[in-house]
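work_25.cif (mmCIF, C-alpha atoms) appears below.
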data_target
loop_
_atom_site.label_atom_id
_atom_site.label_comp_id
_atom_site.auth_asym_id
_atom_site.auth_seq_id
_atom_site.Cartn_x
_atom_site.Cartn_y
_atom_site.Cartn_z
CA MET A 1 89.20 125.17 115.09
CA ALA A 2 90.12 123.39 111.88
CA ARG A 3 88.75 124.63 108.62
CA ALA A 4 89.15 123.99 104.90
CA ILE A 5 88.85 127.12 102.78
CA PHE A 6 87.73 126.53 99.18
CA GLN A 7 88.59 129.06 96.46
CA GLU A 8 85.33 128.24 94.75
CA ASP A 9 85.97 130.03 91.47
CA ARG A 10 89.06 127.83 90.91
CA CYS A 11 87.08 124.59 91.34
CA LYS A 12 86.49 122.40 88.29
CA GLY A 13 83.93 120.21 90.04
CA CYS A 14 85.85 116.95 89.56
CA GLY A 15 84.74 115.65 92.96
CA LEU A 16 88.03 113.95 93.93
CA CYS A 17 87.91 115.83 97.26
CA THR A 18 84.41 114.51 98.02
CA ALA A 19 85.66 110.91 97.96
CA ALA A 20 88.74 111.77 100.05
CA CYS A 21 86.94 113.38 103.02
CA PRO A 22 86.76 110.84 105.89
CA THR A 23 83.87 112.68 107.53
CA GLY A 24 81.86 113.01 104.32
CA ILE A 25 81.27 116.76 104.65
CA VAL A 26 82.68 117.78 101.24
CA VAL A 27 80.10 117.67 98.44
CA LEU A 28 79.53 119.24 95.04
CA ASP A 29 76.90 121.97 95.27
CA ALA A 30 74.32 120.92 92.68
CA SER A 31 72.27 124.08 93.25
CA ARG A 32 74.59 126.52 91.46
CA LEU A 33 77.55 126.99 89.12
CA ASN A 34 80.78 128.90 89.76
CA SER A 35 82.26 131.46 87.35
CA LYS A 36 83.93 128.65 85.37
CA GLY A 37 80.58 126.90 84.91
CA PHE A 38 81.21 123.98 87.26
CA GLN A 39 79.30 122.83 90.34
CA PRO A 40 81.80 123.82 93.04
CA ALA A 41 82.88 121.68 95.99
CA ILE A 42 81.72 123.00 99.36
CA VAL A 43 81.85 121.99 103.03
CA THR A 44 78.38 121.17 104.35
CA ASP A 45 79.05 120.98 108.08
CA LYS A 46 82.05 123.18 108.97
CA GLU A 47 81.96 122.09 112.63
CA LYS A 48 82.87 118.52 111.64
CA CYS A 49 86.07 119.43 109.74
CA ASN A 50 89.07 117.90 111.52
CA GLY A 51 91.69 119.59 109.34
CA CYS A 52 93.16 116.35 107.98
CA ALA A 53 93.72 118.04 104.56
CA LEU A 54 93.05 114.84 102.60
CA CYS A 55 90.64 116.83 100.38
CA ALA A 56 93.43 119.30 99.64
CA ARG A 57 95.91 116.51 98.87
CA MET A 58 93.53 115.08 96.24
CA CYS A 59 92.63 118.44 94.68
CA PRO A 60 94.37 118.78 91.29
CA ASP A 61 93.65 122.51 91.18
CA LEU A 62 94.97 123.82 94.51
CA VAL A 63 91.49 125.07 95.41
CA ILE A 64 91.75 124.15 99.09
CA GLN A 65 93.76 125.70 101.92
CA VAL A 66 93.54 124.04 105.33
CA GLU A 67 94.02 125.74 108.69
CA ARG A 68 94.15 124.03 112.05
CA MET B 1 95.55 131.49 116.05
CA ALA B 2 94.98 128.93 113.34
CA LYS B 3 98.04 127.70 111.51
CA ILE B 4 98.02 126.99 107.78
CA VAL B 5 98.67 123.25 107.42
CA PHE B 6 98.10 122.94 103.69
CA THR B 7 98.46 125.50 100.92
CA ARG B 8 100.02 126.11 97.51
CA PRO B 9 103.75 125.27 97.39
CA LYS B 10 105.90 128.40 97.05
CA SER B 11 107.49 127.10 93.86
CA MET B 12 104.10 126.92 92.10
CA LYS B 13 102.64 129.95 90.38
CA ASP B 14 99.25 131.23 91.52
CA VAL B 15 97.47 130.44 88.25
CA VAL B 16 94.66 128.16 87.07
CA THR B 17 95.90 125.19 85.03
CA HIS B 18 94.46 124.27 81.63
CA TYR B 19 94.01 120.63 82.68
CA CYS B 20 90.59 118.96 82.43
CA PRO B 21 88.55 118.39 85.62
CA GLY B 22 89.95 115.43 87.57
CA CYS B 23 93.20 115.20 85.59
CA HIS B 24 95.96 113.90 87.86
CA HIS B 25 98.62 116.15 86.31
CA GLY B 26 97.58 118.89 88.76
CA ILE B 27 98.27 116.63 91.74
CA ILE B 28 101.62 115.48 90.33
CA HIS B 29 102.68 119.07 89.55
CA ARG B 30 101.93 119.97 93.16
CA LEU B 31 104.02 117.03 94.46
CA VAL B 32 106.94 118.23 92.33
CA GLY B 33 106.45 121.74 93.75
CA GLU B 34 106.32 120.46 97.33
CA ALA B 35 109.51 118.42 96.86
CA LEU B 36 111.31 121.41 95.29
CA ASP B 37 110.23 123.55 98.27
CA GLU B 38 111.26 121.03 100.92
CA LEU B 39 114.71 120.47 99.41
CA GLU B 40 115.06 124.22 98.66
CA LEU B 41 115.91 123.45 95.05
CA ALA B 42 113.68 125.89 93.18
CA PRO B 43 116.25 128.72 92.71
CA LYS B 44 118.73 126.37 91.01
CA THR B 45 116.26 124.19 89.11
CA ILE B 46 116.06 123.86 85.34
CA GLY B 47 113.05 121.80 84.28
CA VAL B 48 112.64 120.24 80.85
CA ALA B 49 109.05 120.24 79.58
CA PRO B 50 107.79 117.60 77.13
CA VAL B 51 105.34 117.69 74.24
CA GLY B 52 101.82 116.74 75.28
CA CYS B 53 99.28 118.04 77.80
CA SER B 54 102.01 118.67 80.37
CA VAL B 55 104.06 120.93 78.10
CA PHE B 56 102.51 123.85 79.98
CA ILE B 57 104.24 122.80 83.20
CA TYR B 58 106.53 125.77 82.45
CA ASP B 59 103.57 128.07 83.13
CA TYR B 60 102.78 126.43 86.45
CA ILE B 61 106.07 125.72 88.23
CA ASP B 62 108.06 128.83 89.02
CA THR B 63 111.55 127.70 87.99
CA ASP B 64 113.60 127.97 84.81
CA PHE B 65 112.38 125.69 82.02
CA ILE B 66 113.35 124.51 78.56
CA GLN B 67 110.84 122.88 76.26
CA ALA B 68 112.31 119.94 74.40
CA SER B 69 111.30 118.51 71.04
CA HIS B 70 108.90 115.57 71.28
CA GLY B 71 110.48 112.80 73.36
CA ARG B 72 113.90 114.45 73.58
CA ALA B 73 113.66 115.77 77.14
CA PRO B 74 116.21 113.31 78.62
CA ALA B 75 118.74 114.26 75.90
CA VAL B 76 118.19 117.98 76.53
CA ALA B 77 118.42 117.41 80.29
CA THR B 78 121.69 115.51 79.75
CA GLY B 79 123.17 118.52 77.98
CA VAL B 80 121.96 120.99 80.59
CA LYS B 81 123.23 118.90 83.51
CA ARG B 82 126.63 118.28 81.93
CA ALA B 83 127.09 121.96 81.08
CA LEU B 84 125.76 123.19 84.44
CA PRO B 85 126.39 120.38 86.93
CA ASP B 86 125.48 122.57 89.94
CA LYS B 87 121.92 123.01 88.70
CA PHE B 88 119.07 120.68 89.57
CA VAL B 89 117.65 119.24 86.33
CA PHE B 90 114.45 117.25 85.93
CA THR B 91 112.20 116.24 83.05
CA TYR B 92 108.44 115.79 83.28
CA GLN B 93 107.11 113.57 80.50
CA GLY B 94 103.93 111.76 79.57
CA ASP B 95 103.70 108.25 78.14
CA GLY B 96 103.17 109.41 74.57
CA ASP B 97 106.33 111.50 74.86
CA LEU B 98 108.58 109.16 76.83
CA ALA B 99 107.43 105.68 75.79
CA ALA B 100 106.79 106.27 72.08
CA ILE B 101 108.76 108.91 70.19
CA GLY B 102 111.21 109.31 73.09
CA THR B 103 112.02 105.63 73.70
CA ALA B 104 115.61 105.92 72.51
CA GLU B 105 116.35 109.03 74.60
CA ILE B 106 115.02 107.61 77.87
CA ILE B 107 116.78 104.25 77.45
CA HIS B 108 120.16 105.78 76.68
CA ALA B 109 119.95 108.50 79.34
CA ALA B 110 119.16 105.73 81.84
CA ALA B 111 121.89 103.45 80.51
CA ARG B 112 124.44 106.26 80.85
CA GLY B 113 123.27 106.87 84.40
CA GLU B 114 123.00 110.60 83.75
CA ASN B 115 122.57 112.53 87.00
CA ILE B 116 119.08 113.79 86.14
CA THR B 117 115.57 113.03 87.43
CA VAL B 118 112.71 111.91 85.21
CA ILE B 119 109.06 112.17 86.28
CA PHE B 120 107.10 109.89 83.93
CA VAL B 121 103.32 110.34 83.96
CA ASN B 122 101.59 107.26 82.54
CA ASN B 123 97.89 107.63 81.76
CA ALA B 124 97.82 104.88 79.13
CA ILE B 125 96.65 107.18 76.32
CA TYR B 126 97.57 110.21 74.22
CA GLY B 127 95.81 113.08 75.98
CA MET B 128 96.50 116.30 74.09
CA THR B 129 95.93 114.90 70.59
CA GLY B 130 92.56 113.38 71.44
CA GLY B 131 92.78 109.97 73.07
CA GLN B 132 94.71 107.85 70.57
CA SER B 133 96.26 104.55 71.59
CA ALA B 134 99.70 104.89 73.22
CA PRO B 135 102.43 102.26 73.71
CA THR B 136 101.12 102.03 77.29
CA THR B 137 97.43 101.53 76.37
CA LEU B 138 96.22 98.31 77.98
CA VAL B 139 95.08 95.29 75.97
CA GLY B 140 91.30 95.62 75.70
CA GLN B 141 91.33 99.37 76.43
CA SER B 142 89.44 101.41 73.88
CA SER B 143 90.87 104.59 72.37
CA THR B 144 90.08 106.62 69.27
CA THR B 145 92.51 104.47 67.25
CA THR B 146 91.45 101.21 68.90
CA PRO B 147 87.70 101.78 69.18
CA LYS B 148 86.99 98.07 69.78
CA GLY B 149 89.82 97.81 72.30
CA ARG B 150 93.55 97.21 71.86
CA THR B 151 94.40 93.70 70.73
CA SER B 152 97.82 92.13 71.13
CA GLN B 153 97.51 90.56 67.63
CA ASN B 154 97.05 93.91 65.93
CA ASP B 155 98.69 96.42 68.27
CA GLY B 156 101.19 94.42 70.33
CA PHE B 157 101.58 94.57 74.09
CA PRO B 158 101.84 97.63 76.36
CA ILE B 159 105.36 98.65 77.37
CA GLN B 160 106.22 98.45 81.07
CA VAL B 161 108.82 101.18 81.22
CA CYS B 162 110.05 100.67 84.81
CA GLU B 163 110.59 96.94 84.20
CA MET B 164 112.44 97.73 80.96
CA LEU B 165 114.73 100.35 82.56
CA ASN B 166 115.34 98.01 85.50
CA THR B 167 117.37 95.74 83.18
CA LEU B 168 119.99 98.51 82.85
CA GLN B 169 123.01 99.14 85.08
CA GLY B 170 122.79 102.95 84.96
CA PRO B 171 119.75 104.03 87.01
CA SER B 172 120.17 104.66 90.74
CA MET B 173 116.46 104.73 91.52
CA ILE B 174 113.34 103.39 89.77
CA SER B 175 109.88 103.53 91.37
CA ARG B 176 106.29 103.28 90.20
CA VAL B 177 103.61 105.09 92.20
CA ALA B 178 100.02 106.32 91.70
CA VAL B 179 97.90 109.23 92.94
CA GLN B 180 94.30 107.95 92.91
CA THR B 181 93.88 107.99 96.73
CA PRO B 182 95.30 110.24 99.47
CA ALA B 183 97.49 107.39 100.75
CA GLN B 184 98.95 106.86 97.27
CA VAL B 185 99.51 110.61 96.92
CA ILE B 186 101.58 110.60 100.12
CA ARG B 187 103.64 107.63 98.84
CA ALA B 188 104.11 109.31 95.47
CA LYS B 189 105.38 112.45 97.18
CA LYS B 190 108.00 110.44 99.08
CA ALA B 191 109.17 108.75 95.88
CA ILE B 192 109.50 112.08 94.02
CA ARG B 193 111.37 113.63 96.92
CA ARG B 194 113.69 110.62 97.11
CA ALA B 195 114.36 110.83 93.37
CA PHE B 196 115.27 114.51 93.70
CA GLN B 197 117.51 113.67 96.66
CA CYS B 198 119.31 111.03 94.53
CA GLN B 199 120.32 113.73 92.07
CA VAL B 200 121.36 116.16 94.83
CA GLU B 201 123.64 113.44 96.24
CA GLY B 202 125.07 112.76 92.78
CA ARG B 203 123.88 109.17 92.65
CA GLY B 204 122.88 109.27 88.98
CA PHE B 205 119.69 108.68 87.01
CA SER B 206 116.49 108.62 89.10
CA PHE B 207 113.12 107.71 87.63
CA VAL B 208 109.59 107.86 89.03
CA GLU B 209 106.62 106.59 87.02
CA VAL B 210 103.30 107.99 88.24
CA LEU B 211 100.11 106.22 87.09
CA SER B 212 97.61 108.91 86.27
CA ALA B 213 93.98 109.19 85.19
CA CYS B 214 92.76 110.87 81.99
CA PRO B 215 89.00 110.99 82.65
CA THR B 216 88.26 112.98 79.48
CA ASN B 217 89.88 110.57 77.03
CA TRP B 218 88.98 107.47 79.02
CA GLY B 219 85.36 108.66 78.82
CA MET B 220 84.72 108.35 82.55
CA THR B 221 83.91 110.54 85.52
CA PRO B 222 87.01 111.46 87.57
CA LEU B 223 85.97 109.14 90.40
CA ASP B 224 85.28 106.23 88.01
CA ALA B 225 88.64 106.89 86.36
CA GLY B 226 90.39 106.49 89.73
CA LYS B 227 88.65 103.17 90.22
CA TRP B 228 89.51 102.01 86.68
CA LEU B 229 93.15 102.93 87.32
CA GLU B 230 93.12 100.83 90.47
CA ASP B 231 91.28 97.84 88.95
CA GLU B 232 92.84 97.73 85.48
CA MET B 233 96.13 99.64 85.38
CA ILE B 234 97.76 98.67 88.68
CA PRO B 235 97.53 94.88 88.02
CA TYR B 236 99.52 95.39 84.77
CA TYR B 237 101.71 98.23 86.10
CA PRO B 238 102.39 97.11 89.70
CA LEU B 239 103.29 99.83 92.21
CA LYS B 240 106.79 99.03 93.36
CA ASP B 241 110.21 100.37 94.29
CA PHE B 242 112.22 98.57 91.62
CA ARG B 243 115.50 100.06 92.75
CA VAL B 244 116.26 102.20 95.78
CA PRO B 245 119.80 103.31 96.59
CA GLU B 246 121.01 102.59 100.09
CA GLY B 247 121.12 105.43 102.56
CA VAL B 248 119.23 108.00 100.49
CA GLN B 249 117.16 110.40 102.62
#
What does this structure look like when you write it as structure tokens?
Amino acid sequence: MARAIFQEDRCKGCGLCTAACPTGIVVLDASRLNSKGFQPAIVTDKEKCNGCALCARMCPDLVIQVER
Amino acid sequence: MAKIVFTRPKSMKDVVTHYCPGCHHGIIHRLVGEALDELELAPKTIGVAPVGCSVFIYDYIDTDFIQASHGRAPAVATGVKRALPDKFVFTYQGDGDLAAIGTAEIIHAAARGENITVIFVNNAIYGMTGGQSAPTTLVGQSSTTTPKGRTSQNDGFPIQVCEMLNTLQGPSMISRVAVQTPAQVIRAKKAIRRAFQCQVEGRGFSFVEVLSACPTNWGMTPLDAGKWLEDEMIPYYPLKDFRVPEGVQ
């Protein structure tokens, strides 16, 4: 099963990954802040991840590792 | 057993960068790291860092580095490459560094066809010093020194560096790419890798301009900055392979 693993405390909440995800399952979590004070990017529906890694390619901060 | 299909390049240090949220420098650093990994160049690489936001590239890419005086990276790289021709030598420079104070150095390194690679990150503004107008700032674009927008009457016209260097005989490769969408990131990666390959094959000066967003100084969200780059910058700075040597991998 494909999955994208987010190192949440590295995330700066820029949201570039949210626009890159073709299935629309990457969003910024408006309900909390990470240790850097940003709203971190999360995967809402892990089952739908196809492991394309486009989110990771757009991430300027190497937050995302993708396994497939 | 799941296989890792995307992770940090080996030649990049496991540290958090100082860049602002949504700054494209992080993406471009990673593309440099991936190309160094794929061509197995990292152990023999000497990078030359500029003055500007990206000066700290020496803290992020795990190779040897020299930091040059403002704009002088191509001159320093020339010296390093001539003294140590077996090393892989690249500079990483912003538009304030390369297209303003470093104009003479880039033109003459290109004209000499020095066997070095230059990664030129153009975000149309001075980032580190607080968003002043750069030689690459677009007509109409506002900055802290052109608060009502750049005018050609007062401030002249933006410099198109690839087009200018393409008038010279020396360069072996000149390309302009961008990184505002995943497809553009993949194209940019190929261009950077090809530029590195040019140097490995001894073909002479290779140059890649990467259009990049500066959301903080543009005063936009990172996603809006990507759209502005696409709508405003790319029409003036067209994405193009100006010169590609035959047969390069």
As a check of understanding, name the residues that the PyMOL selection byres ((chain B and resi 213-224) around 8) selects in the supplied structure, as a ChimeraX atom specification.
/A:14-16,19 /B:20-24,123,125,127,130-131,142-143,180,211-212,225-229
Hey, can you spit out that residue selection with C-alpha atoms as an mmCIF file, in the coordinates of the input?
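Once everything was written out, this is selection.cif:
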data_model
loop_
_atom_site.group_PDB
_atom_site.id
_atom_site.type_symbol
_atom_site.label_atom_id
_atom_site.label_comp_id
_atom_site.auth_asym_id
_atom_site.auth_seq_id
_atom_site.Cartn_x
_atom_site.Cartn_y
_atom_site.Cartn_z
ATOM 1 C CA CYS A 14 85.850 116.950 89.560
ATOM 2 C CA GLY A 15 84.740 115.650 92.960
ATOM 3 C CA LEU A 16 88.030 113.950 93.930
ATOM 4 C CA ALA A 19 85.660 110.910 97.960
ATOM 5 C CA CYS B 20 90.590 118.960 82.430
ATOM 6 C CA PRO B 21 88.550 118.390 85.620
ATOM 7 C CA GLY B 22 89.950 115.430 87.570
ATOM 8 C CA CYS B 23 93.200 115.200 85.590
ATOM 9 C CA HIS B 24 95.960 113.900 87.860
ATOM 10 C CA ASN B 123 97.890 107.630 81.760
ATOM 11 C CA ILE B 125 96.650 107.180 76.320
ATOM 12 C CA GLY B 127 95.810 113.080 75.980
ATOM 13 C CA GLY B 130 92.560 113.380 71.440
ATOM 14 C CA GLY B 131 92.780 109.970 73.070
ATOM 15 C CA SER B 142 89.440 101.410 73.880
ATOM 16 C CA SER B 143 90.870 104.590 72.370
ATOM 17 C CA GLN B 180 94.300 107.950 92.910
ATOM 18 C CA LEU B 211 100.110 106.220 87.090
ATOM 19 C CA SER B 212 97.610 108.910 86.270
ATOM 20 C CA ALA B 225 88.640 106.890 86.360
ATOM 21 C CA GLY B 226 90.390 106.490 89.730
ATOM 22 C CA LYS B 227 88.650 103.170 90.220
ATOM 23 C CA TRP B 228 89.510 102.010 86.680
ATOM 24 C CA LEU B 229 93.150 102.930 87.320
#
Distance cut-off 9 Å, counting only C-alpha atoms - which residues of chain A neighbour chain B? Return them as a ChimeraX atom specification.
/A:1-3,10-16,19-20,51-68
From the list A:Val26, A:Cys21, A:Ile42, A:Leu33, which residue is nearest Phe6 of chain A when using only C-alpha atoms?
A:Ile42
Using only C-alpha atoms, find the one residue out of A:Asn34, A:Thr44, A:Gln39, A:Asn50 that sits nearest to Pro22 of chain A.
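Residue with the minimum atom-to-atom distance to Pro22 of chain A: A:Asn50.
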Any chance you could work out the residue set of the PyMOL selection byres ((chain B and resi 57) around 12) here, as a PyMOL selection string?
chain B and resi 11-13+15-19+25-26+28-30+32-33+47-56+58-67+90-94
If you apply the PyMOL selection byres ((chain B and resi 136-141) around 8) to this file, what residues do you get, as a PDB file with C-alpha atoms, keeping the file's coordinate frame?
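Result file result-v6.pdb:
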ATOM      1  CA  ASP B  95     103.700 108.250  78.140  1.00  0.00           C
ATOM      2  CA  ALA B  99     107.430 105.680  75.790  1.00  0.00           C
ATOM      3  CA  ASN B 122     101.590 107.260  82.540  1.00  0.00           C
ATOM      4  CA  ASN B 123      97.890 107.630  81.760  1.00  0.00           C
ATOM      5  CA  ALA B 124      97.820 104.880  79.130  1.00  0.00           C
ATOM      6  CA  ILE B 125      96.650 107.180  76.320  1.00  0.00           C
ATOM      7  CA  SER B 133      96.260 104.550  71.590  1.00  0.00           C
ATOM      8  CA  ALA B 134      99.700 104.890  73.220  1.00  0.00           C
ATOM      9  CA  PRO B 135     102.430 102.260  73.710  1.00  0.00           C
ATOM     10  CA  SER B 142      89.440 101.410  73.880  1.00  0.00           C
ATOM     11  CA  SER B 143      90.870 104.590  72.370  1.00  0.00           C
ATOM     12  CA  THR B 146      91.450 101.210  68.900  1.00  0.00           C
ATOM     13  CA  LYS B 148      86.990  98.070  69.780  1.00  0.00           C
ATOM     14  CA  GLY B 149      89.820  97.810  72.300  1.00  0.00           C
ATOM     15  CA  ARG B 150      93.550  97.210  71.860  1.00  0.00           C
ATOM     16  CA  THR B 151      94.400  93.700  70.730  1.00  0.00           C
ATOM     17  CA  SER B 152      97.820  92.130  71.130  1.00  0.00           C
ATOM     18  CA  PHE B 157     101.580  94.570  74.090  1.00  0.00           C
ATOM     19  CA  PRO B 158     101.840  97.630  76.360  1.00  0.00           C
ATOM     20  CA  ILE B 159     105.360  98.650  77.370  1.00  0.00           C
ATOM     21  CA  GLN B 160     106.220  98.450  81.070  1.00  0.00           C
ATOM     22  CA  MET B 233      96.130  99.640  85.380  1.00  0.00           C
TER      23      MET B 233
END
Choose the residue, out of B:Asn166, B:Ala104, B:Lys10, B:Ala109, that has the smallest atom-to-atom separation from Leu36 of chain B; count all atoms listed in the file.
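Checking each candidate against Leu36 of chain B, we get B:Lys10 as the closest.
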At what distance in Å, to one decimal, does atom CA of Glu201 of chain B lie from atom CA of Val248 of chain B?
8.2 Å
Exercise: Phe242 of chain B partners within 8 Å, all atoms listed in the file, chain neighbours under 3 positions left out, as a list in words
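So the residues in contact are Cys162, Glu163, Asn166, Met173, Ile174, Ser175 and Arg176 of chain B.
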Atom CA of Ala178 of chain B and atom CA of Ile192 of chain B are how many Å apart?
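Going from atom CA of Ala178 of chain B over to atom CA of Ile192 of chain B, I get 11.3 Å.
Counting from atom CA of Asp9 of chain A, the distance to atom CA of Lys36 of chain A is 6.6 Å.
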I'd like to know which of B:Gln169, B:Gln197, B:Thr78, B:Gln153 is closest to Asn115 of chain B, using all atoms listed in the file.
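Of all the options, B:Thr78 lies closest to Asn115 of chain B.
When all atoms listed in the file are used to measure the gap to Gly202 of chain B, the shortest distance among B:Gly102, B:Pro85, B:Gly156, B:Gly170 belongs to B:Pro85.
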B:Ala68, B:Met128, B:Val80, B:Leu165: which is nearest Arg112 of chain B, counting all atoms listed in the file?
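That would be B:Leu165, the residue with the smallest distance to Arg112 of chain B.
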Distance query Thr23 of chain A at most 8 Å, only C-alpha atoms, self and fewer than 2 positions along chain excluded, as a list in words
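My list of contacting residues is Cys21, Ile25, Lys48 and Cys49 of chain A.
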Put those residues in a file: C-alpha atoms, as a PDB file, in the coordinates of the input.
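The resulting file, part.pdb, is reproduced below:
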ATOM      1  CA  CYS A  21      86.940 113.380 103.020  1.00  0.00           C
ATOM      2  CA  ILE A  25      81.270 116.760 104.650  1.00  0.00           C
ATOM      3  CA  LYS A  48      82.870 118.520 111.640  1.00  0.00           C
ATOM      4  CA  CYS A  49      86.070 119.430 109.740  1.00  0.00           C
TER       5      CYS A  49
END
Please provide the set of residues having any atom within 8 Å of Phe205 of chain B, restricted to all atoms listed in the file, with same-chain residues fewer than 2 positions apart removed, written as an MDAnalysis selection string.
chainID B and resid 109:110 113:118 170:173 198:199 203 207
